[in-house]
$ cat protein11.tsv   # TSV, C-alpha atoms
chain	number	residue	atom	x	y	z
A	13	MET	CA	-7.61	4.00	-15.72
A	14	ILE	CA	-6.57	0.62	-14.33
A	15	ASN	CA	-5.14	-1.66	-17.03
A	16	ASP	CA	-3.88	-5.26	-17.21
A	17	THR	CA	-0.36	-4.25	-16.17
A	18	ASP	CA	-1.76	-2.47	-13.13
A	19	MET	CA	-3.79	-5.55	-12.23
A	20	LYS	CA	-0.70	-7.76	-12.49
A	21	HIS	CA	1.21	-5.55	-10.05
A	22	LEU	CA	-1.75	-5.22	-7.70
A	23	ARG	CA	-2.11	-9.00	-7.62
A	24	ARG	CA	1.58	-9.20	-6.66
A	25	CYS	CA	0.87	-6.74	-3.83
A	26	ILE	CA	-1.84	-9.05	-2.56
A	27	GLU	CA	0.58	-11.99	-2.73
A	28	LEU	CA	3.02	-9.97	-0.64
A	29	ALA	CA	0.24	-9.10	1.80
A	30	LYS	CA	-0.53	-12.84	2.14
A	31	ALA	CA	3.17	-13.51	2.77
A	32	ALA	CA	3.14	-10.87	5.52
A	33	LEU	CA	0.09	-12.48	7.10
A	34	ASP	CA	1.65	-15.94	6.87
A	35	ALA	CA	4.72	-14.52	8.63
A	36	GLY	CA	2.54	-13.23	11.48
A	37	ASP	CA	2.33	-9.65	10.30
A	38	GLU	CA	-0.41	-7.32	9.09
A	39	PRO	CA	-1.42	-7.99	5.47
A	40	PHE	CA	0.00	-5.17	3.39
A	41	GLY	CA	2.25	-5.44	0.34
A	42	SER	CA	3.69	-2.93	-2.12
A	43	VAL	CA	5.64	-2.86	-5.38
A	44	LEU	CA	7.71	-0.03	-6.92
A	45	VAL	CA	7.74	-0.07	-10.74
A	46	SER	CA	9.86	2.10	-13.04
A	47	SER	CA	8.49	4.05	-15.98
A	48	THR	CA	9.74	1.24	-18.24
A	49	GLY	CA	7.81	-1.41	-16.29
A	50	GLU	CA	10.74	-2.84	-14.34
A	51	VAL	CA	9.96	-3.98	-10.81
A	52	LEU	CA	12.56	-2.13	-8.75
A	53	MET	CA	11.57	-3.19	-5.24
A	54	GLU	CA	8.82	-4.95	-3.38
A	55	ASP	CA	8.10	-5.35	0.30
A	56	HIS	CA	5.43	-6.19	2.85
A	57	ASN	CA	4.61	-5.05	6.36
A	58	HIS	CA	7.15	-5.66	9.13
A	59	VAL	CA	5.28	-4.18	12.10
A	60	ALA	CA	4.84	-7.38	14.13
A	61	GLY	CA	8.07	-6.67	16.00
A	62	GLY	CA	6.54	-3.51	17.47
A	63	ASP	CA	7.88	-0.82	15.12
A	64	HIS	CA	4.71	0.40	13.46
A	65	THR	CA	6.65	2.57	10.99
A	66	GLN	CA	7.80	-0.52	9.09
A	67	HIS	CA	5.25	-0.18	6.30
A	68	PRO	CA	6.18	-1.33	2.78
A	69	GLU	CA	5.21	1.99	1.15
A	70	PHE	CA	7.59	3.83	3.50
A	71	ALA	CA	10.38	1.35	2.71
A	72	LEU	CA	9.83	1.84	-1.03
A	73	ALA	CA	9.93	5.63	-0.68
A	74	ARG	CA	13.18	5.45	1.31
A	75	TRP	CA	14.73	3.05	-1.21
A	76	ALA	CA	13.68	5.27	-4.12
A	77	ALA	CA	15.13	8.38	-2.48
A	78	ASN	CA	18.47	6.61	-2.10
A	79	ASN	CA	18.61	4.78	-5.43
A	80	MET	CA	16.73	6.77	-8.09
A	81	THR	CA	17.08	10.19	-9.64
A	82	VAL	CA	14.40	12.81	-9.05
A	83	GLU	CA	13.14	12.30	-12.62
A	84	GLU	CA	13.05	8.49	-12.28
A	85	ARG	CA	11.10	8.78	-9.04
A	86	SER	CA	8.56	11.16	-10.57
A	87	LYS	CA	7.83	8.68	-13.36
A	88	ALA	CA	7.65	5.57	-11.16
A	89	THR	CA	4.45	3.93	-9.90
A	90	VAL	CA	3.82	2.55	-6.43
A	91	TYR	CA	1.30	-0.27	-6.29
A	92	THR	CA	-0.08	-1.34	-2.96
A	93	SER	CA	-2.67	-3.67	-1.50
A	94	GLY	CA	-4.05	-0.90	0.72
A	95	GLU	CA	-4.18	2.87	0.38
A	96	HIS	CA	-1.21	4.63	1.97
A	97	CYS	CA	-1.60	5.73	5.57
A	98	PRO	CA	-0.75	9.41	6.24
A	99	MET	CA	2.86	8.53	7.18
A	100	CYS	CA	3.41	6.62	3.94
A	101	ALA	CA	1.62	9.21	1.84
A	102	ALA	CA	3.94	11.88	3.25
A	103	ALA	CA	7.01	9.72	2.58
A	104	HIS	CA	5.77	9.17	-0.98
A	105	GLY	CA	5.33	12.92	-1.43
A	106	TRP	CA	8.69	13.85	0.11
A	107	ALA	CA	10.47	11.27	-2.07
A	108	GLY	CA	8.79	12.73	-5.16
A	109	LEU	CA	7.36	9.45	-6.35
A	110	GLY	CA	4.79	9.39	-9.12
A	111	ARG	CA	1.52	7.55	-9.53
A	112	ILE	CA	-0.10	5.50	-6.74
A	113	VAL	CA	-2.42	2.57	-7.46
A	114	TYR	CA	-4.10	0.71	-4.61
A	115	ALA	CA	-6.44	-2.27	-4.34
A	116	SER	CA	-8.39	-1.23	-1.22
A	117	SER	CA	-8.94	2.13	0.42
A	118	SER	CA	-8.26	3.28	3.97
A	119	LYS	CA	-12.00	4.00	4.27
A	120	GLN	CA	-12.78	0.39	3.36
A	121	LEU	CA	-10.21	-0.84	5.87
A	122	ALA	CA	-11.71	1.27	8.65
A	123	GLU	CA	-15.17	-0.10	7.84
A	124	TRP	CA	-13.91	-3.70	7.82
A	125	LEU	CA	-12.10	-3.30	11.13
A	126	ASN	CA	-15.15	-1.68	12.68
A	127	GLU	CA	-17.29	-4.65	11.53
A	128	LEU	CA	-14.74	-6.96	13.18
A	129	GLY	CA	-14.87	-4.99	16.44
A	130	VAL	CA	-11.26	-3.82	16.13
A	131	SER	CA	-10.49	-0.53	17.90
A	132	PRO	CA	-9.56	2.35	15.60
A	133	SER	CA	-5.90	3.15	15.05
A	134	ARG	CA	-4.30	6.07	16.88
A	135	VAL	CA	-3.51	7.52	13.46
A	136	ARG	CA	-6.46	8.91	11.54
A	137	ASN	CA	-7.40	7.41	8.21
A	138	LEU	CA	-6.92	10.16	5.63
A	139	PRO	CA	-7.22	9.83	1.88
A	140	ILE	CA	-3.86	10.22	0.16
A	141	GLU	CA	-5.17	13.40	-1.51
A	142	ASP	CA	-5.52	14.97	1.95
A	143	VAL	CA	-1.79	14.46	2.60
A	144	ILE	CA	-0.04	15.06	-0.73
A	145	ARG	CA	-0.95	16.85	-3.94
A	146	ASP	CA	0.06	16.68	-7.60
A	147	THR	CA	0.05	12.88	-7.65
A	148	VAL	CA	-2.05	10.62	-9.84
A	149	ILE	CA	-3.93	8.31	-7.46
A	150	GLU	CA	-6.08	5.39	-8.59
A	151	GLY	CA	-8.07	3.00	-6.44
A	152	PRO	CA	-9.74	1.18	-4.93
A	153	VAL	CA	-10.17	-1.69	-7.38
A	154	ALA	CA	-13.47	-3.41	-6.57
A	155	GLU	CA	-12.52	-6.84	-7.91
A	156	LEU	CA	-9.44	-6.98	-5.64
A	157	ALA	CA	-10.71	-5.23	-2.52
A	158	GLU	CA	-12.62	-8.31	-1.37
A	159	GLU	CA	-9.39	-10.37	-1.45
A	160	VAL	CA	-7.73	-7.77	0.78
A	161	ARG	CA	-10.75	-7.78	3.09
A	162	GLN	CA	-10.44	-11.54	3.52
A	163	LEU	CA	-6.80	-11.16	4.57
A	164	HIS	CA	-7.79	-8.70	7.28
A	165	ILE	CA	-10.53	-11.02	8.46
A	166	ARG	CA	-7.95	-13.83	8.73
A	167	LEU	CA	-5.64	-11.55	10.73
A	168	HIS	CA	-8.23	-10.42	13.23
A	169	VAL	CA	-10.03	-13.74	13.63
A	170	LYS	CA	-6.66	-15.29	14.65
A	171	ARG	CA	-6.21	-12.63	17.37
$ encode --input "protein11.tsv" --output "structure tokens"
Amino acid sequence: MINDTDMKHLRRCIELAKAALDAGDEPFGSVLVSSTGEVLMEDHNHVAGGDHTQHPEFALARWAANNMTVEERSKATVYTSGEHCPMCAAAHGWAGLGRIVYASSSKQLAEWLNELGVSPSRVRNLPIEDVIRDTVIEGPVAELAEEVRQLHIRLHVKR
């Protein structure tokens, strides 16, 4: 169940996605929050330079693996503007992170990009549940998904 705290962190993810877009990158942003509610790390996409593995969810998983105990990771929550891609879902699973909450789904993104005439990615869109198990996953959040959609429209209209 999405609560006010979740919405606050998801809104921050969208702010980070806007910052990525303003910096010339794809609009994705993520926040790692401890079990006590402390924001531990936040990041946005850094793929514009050509390294398409520079997703914020992957960066958060790597940071968590290097800076948190196994127990701390399992109780943490990753918030993100868009559902994890398969690479990021796997990183999340391997790092042993806990709950995932996302504003928009990979299915929604694929539909939006198709409407914009953008060619599909080389990597298949898979729901997180098809990549990792034993993780609480919540999303999409209808009242925020449209904001994320508008960011992707801005990105692809500029191109």
$ atom_distance --input "protein11.tsv" --atom1 "CA of Ser118 (chain A)" --atom2 "CA of Tyr91 (chain A)"
14.5 Å
$ atom_distance --input "protein11.tsv" --atom1 "CA of Gly61 (chain A)" --atom2 "CA of Pro39 (chain A)"
14.2 Å
$ atom_distance --input "protein11.tsv" --atom1 "CA of Thr92 (chain A)" --atom2 "CA of His21 (chain A)"
8.3 Å
$ closest_atom_pairs --input "protein11.tsv" --of "region 81-139 of chain A" --to "region 69-75 of chain A" --cutoff "8 Å" --atoms "only C-alpha atoms" --output "Markdown table"
| residue | atom | partner | partner_atom | distance |
| --- | --- | --- | --- | --- |
| A:Val90 | CA | A:Glu69 | CA | 7.7 |
| A:Thr92 | CA | A:Glu69 | CA | 7.5 |
| A:His96 | CA | A:Glu69 | CA | 7.0 |
| A:Met99 | CA | A:Phe70 | CA | 7.6 |
| A:Cys100 | CA | A:Phe70 | CA | 5.0 |
| A:Ala103 | CA | A:Phe70 | CA | 6.0 |
| A:His104 | CA | A:Ala73 | CA | 5.5 |
| A:Ala107 | CA | A:Ala73 | CA | 5.8 |
| A:Leu109 | CA | A:Ala73 | CA | 7.3 |
$ closest_residue --input "protein11.tsv" --among "A:Leu125, A:Ala154, A:Val135, A:Ala88" --to "Gly49 (chain A)" --atoms "only C-alpha atoms"
A:Ala88
$ axis_aligned_box --input "protein11.tsv" --around "region 167-170 of chain A" --padding-each-side "6 Å" --output "JSON"
{"center_x": -7.8, "center_y": -12.9, "center_z": 12.7, "size_x": 16.4, "size_y": 16.9, "size_z": 15.9}
$ residues_around --input "protein11.tsv" --residues "Gln120 (chain A)" --least-positions-apart "3" --cutoff "12 Å" --atoms "all atoms listed in the file" --output "PyMOL selection string"
chain A and resi 93-95+114-117+123-127+137-139+151-154+157-158+160-161+164
$ write_last_selection --input "protein11.tsv" --atoms "C-alpha atoms" --output "compact mmCIF listing (two decimals), in the frame of the given file"
# COMPACT_ATOMS: atom_id res chain seq x y z
CA SER A 93 -2.67 -3.67 -1.50
CA GLY A 94 -4.05 -0.90 0.72
CA GLU A 95 -4.18 2.87 0.38
CA TYR A 114 -4.10 0.71 -4.61
CA ALA A 115 -6.44 -2.27 -4.34
CA SER A 116 -8.39 -1.23 -1.22
CA SER A 117 -8.94 2.13 0.42
CA GLU A 123 -15.17 -0.10 7.84
CA TRP A 124 -13.91 -3.70 7.82
CA LEU A 125 -12.10 -3.30 11.13
CA ASN A 126 -15.15 -1.68 12.68
CA GLU A 127 -17.29 -4.65 11.53
CA ASN A 137 -7.40 7.41 8.21
CA LEU A 138 -6.92 10.16 5.63
CA PRO A 139 -7.22 9.83 1.88
CA GLY A 151 -8.07 3.00 -6.44
CA PRO A 152 -9.74 1.18 -4.93
CA VAL A 153 -10.17 -1.69 -7.38
CA ALA A 154 -13.47 -3.41 -6.57
CA ALA A 157 -10.71 -5.23 -2.52
CA GLU A 158 -12.62 -8.31 -1.37
CA VAL A 160 -7.73 -7.77 0.78
CA ARG A 161 -10.75 -7.78 3.09
CA HIS A 164 -7.79 -8.70 7.28
$ residues_near_point --input "protein11.tsv" --point "(2.3, -6.0, -12.8)" --cutoff "12 Å" --atoms "all atoms listed in the file" --output "short mmCIF file (atom, residue, chain, number, x, y, z; two decimals) with C-alpha atoms, keeping the file's coordinate frame"
data_model
loop_
_atom_site.label_atom_id
_atom_site.label_comp_id
_atom_site.auth_asym_id
_atom_site.auth_seq_id
_atom_site.Cartn_x
_atom_site.Cartn_y
_atom_site.Cartn_z
CA ILE A 14 -6.57 0.62 -14.33
CA ASN A 15 -5.14 -1.66 -17.03
CA ASP A 16 -3.88 -5.26 -17.21
CA THR A 17 -0.36 -4.25 -16.17
CA ASP A 18 -1.76 -2.47 -13.13
CA MET A 19 -3.79 -5.55 -12.23
CA LYS A 20 -0.70 -7.76 -12.49
CA HIS A 21 1.21 -5.55 -10.05
CA LEU A 22 -1.75 -5.22 -7.70
CA ARG A 23 -2.11 -9.00 -7.62
CA ARG A 24 1.58 -9.20 -6.66
CA CYS A 25 0.87 -6.74 -3.83
CA ILE A 26 -1.84 -9.05 -2.56
CA GLU A 27 0.58 -11.99 -2.73
CA SER A 42 3.69 -2.93 -2.12
CA VAL A 43 5.64 -2.86 -5.38
CA LEU A 44 7.71 -0.03 -6.92
CA VAL A 45 7.74 -0.07 -10.74
CA SER A 46 9.86 2.10 -13.04
CA THR A 48 9.74 1.24 -18.24
CA GLY A 49 7.81 -1.41 -16.29
CA GLU A 50 10.74 -2.84 -14.34
CA VAL A 51 9.96 -3.98 -10.81
CA LEU A 52 12.56 -2.13 -8.75
CA GLU A 54 8.82 -4.95 -3.38
CA THR A 89 4.45 3.93 -9.90
CA VAL A 90 3.82 2.55 -6.43
CA TYR A 91 1.30 -0.27 -6.29
CA THR A 92 -0.08 -1.34 -2.96
CA VAL A 113 -2.42 2.57 -7.46
#
$ closest_residue --input "protein11.tsv" --among "A:Ile140, A:Asp55, A:His67, A:Ser47" --to "Ala31 (chain A)" --atoms "only C-alpha atoms"
A:Asp55
$ closest_residue --input "protein11.tsv" --among "A:Met53, A:Leu167, A:Ala102, A:Met13" --to "Arg145 (chain A)" --atoms "only C-alpha atoms"
A:Ala102
$ residues_around --input "protein11.tsv" --residues "Ala35 (chain A)" --least-positions-apart "5" --cutoff "12 Å" --atoms "only C-alpha atoms" --output "ChimeraX atom specification"
/A:28-30,40,56-61,167
$ closest_residue --input "protein11.tsv" --among "A:Gly110, A:Gly105, A:Pro98, A:Arg136" --to "Ser86 (chain A)" --atoms "only C-alpha atoms"
A:Gly110
$ closest_residue --input "protein11.tsv" --among "A:Gly108, A:Asp146, A:Leu121, A:Glu141" --to "Gln162 (chain A)" --atoms "only C-alpha atoms"
A:Leu121
$ build_atoms --input "protein11.tsv" --residues "region 130-141 of chain A" --atoms "N, CA and C atoms" --output "compact mmCIF listing (two decimals), in the frame of the given file"
# COMPACT_ATOMS: atom_id res chain seq x y z
N VAL A 130 -12.63 -4.23 15.87
CA VAL A 130 -11.26 -3.82 16.13
C VAL A 130 -11.25 -2.32 16.45
N SER A 131 -10.58 -1.95 17.52
CA SER A 131 -10.49 -0.53 17.90
C SER A 131 -9.79 0.27 16.81
N PRO A 132 -10.21 1.52 16.61
CA PRO A 132 -9.56 2.35 15.60
C PRO A 132 -8.08 2.60 15.93
N SER A 133 -7.32 2.81 14.91
CA SER A 133 -5.90 3.15 15.05
C SER A 133 -5.74 4.51 15.70
N ARG A 134 -4.61 4.74 16.33
CA ARG A 134 -4.30 6.07 16.88
C ARG A 134 -4.11 7.10 15.78
N VAL A 135 -3.74 6.63 14.59
CA VAL A 135 -3.51 7.52 13.46
C VAL A 135 -4.78 7.55 12.62
N ARG A 136 -5.23 8.75 12.32
CA ARG A 136 -6.46 8.91 11.54
C ARG A 136 -6.29 8.38 10.12
N ASN A 137 -7.37 7.80 9.61
CA ASN A 137 -7.40 7.41 8.21
C ASN A 137 -7.68 8.67 7.39
N LEU A 138 -6.75 9.02 6.53
CA LEU A 138 -6.92 10.16 5.63
C LEU A 138 -6.70 9.69 4.21
N PRO A 139 -7.51 10.14 3.29
CA PRO A 139 -7.22 9.83 1.88
C PRO A 139 -5.86 10.42 1.50
N ILE A 140 -5.18 9.75 0.60
CA ILE A 140 -3.86 10.22 0.16
C ILE A 140 -3.93 11.68 -0.29
N GLU A 141 -5.01 12.04 -0.98
CA GLU A 141 -5.17 13.40 -1.51
C GLU A 141 -5.20 14.45 -0.40
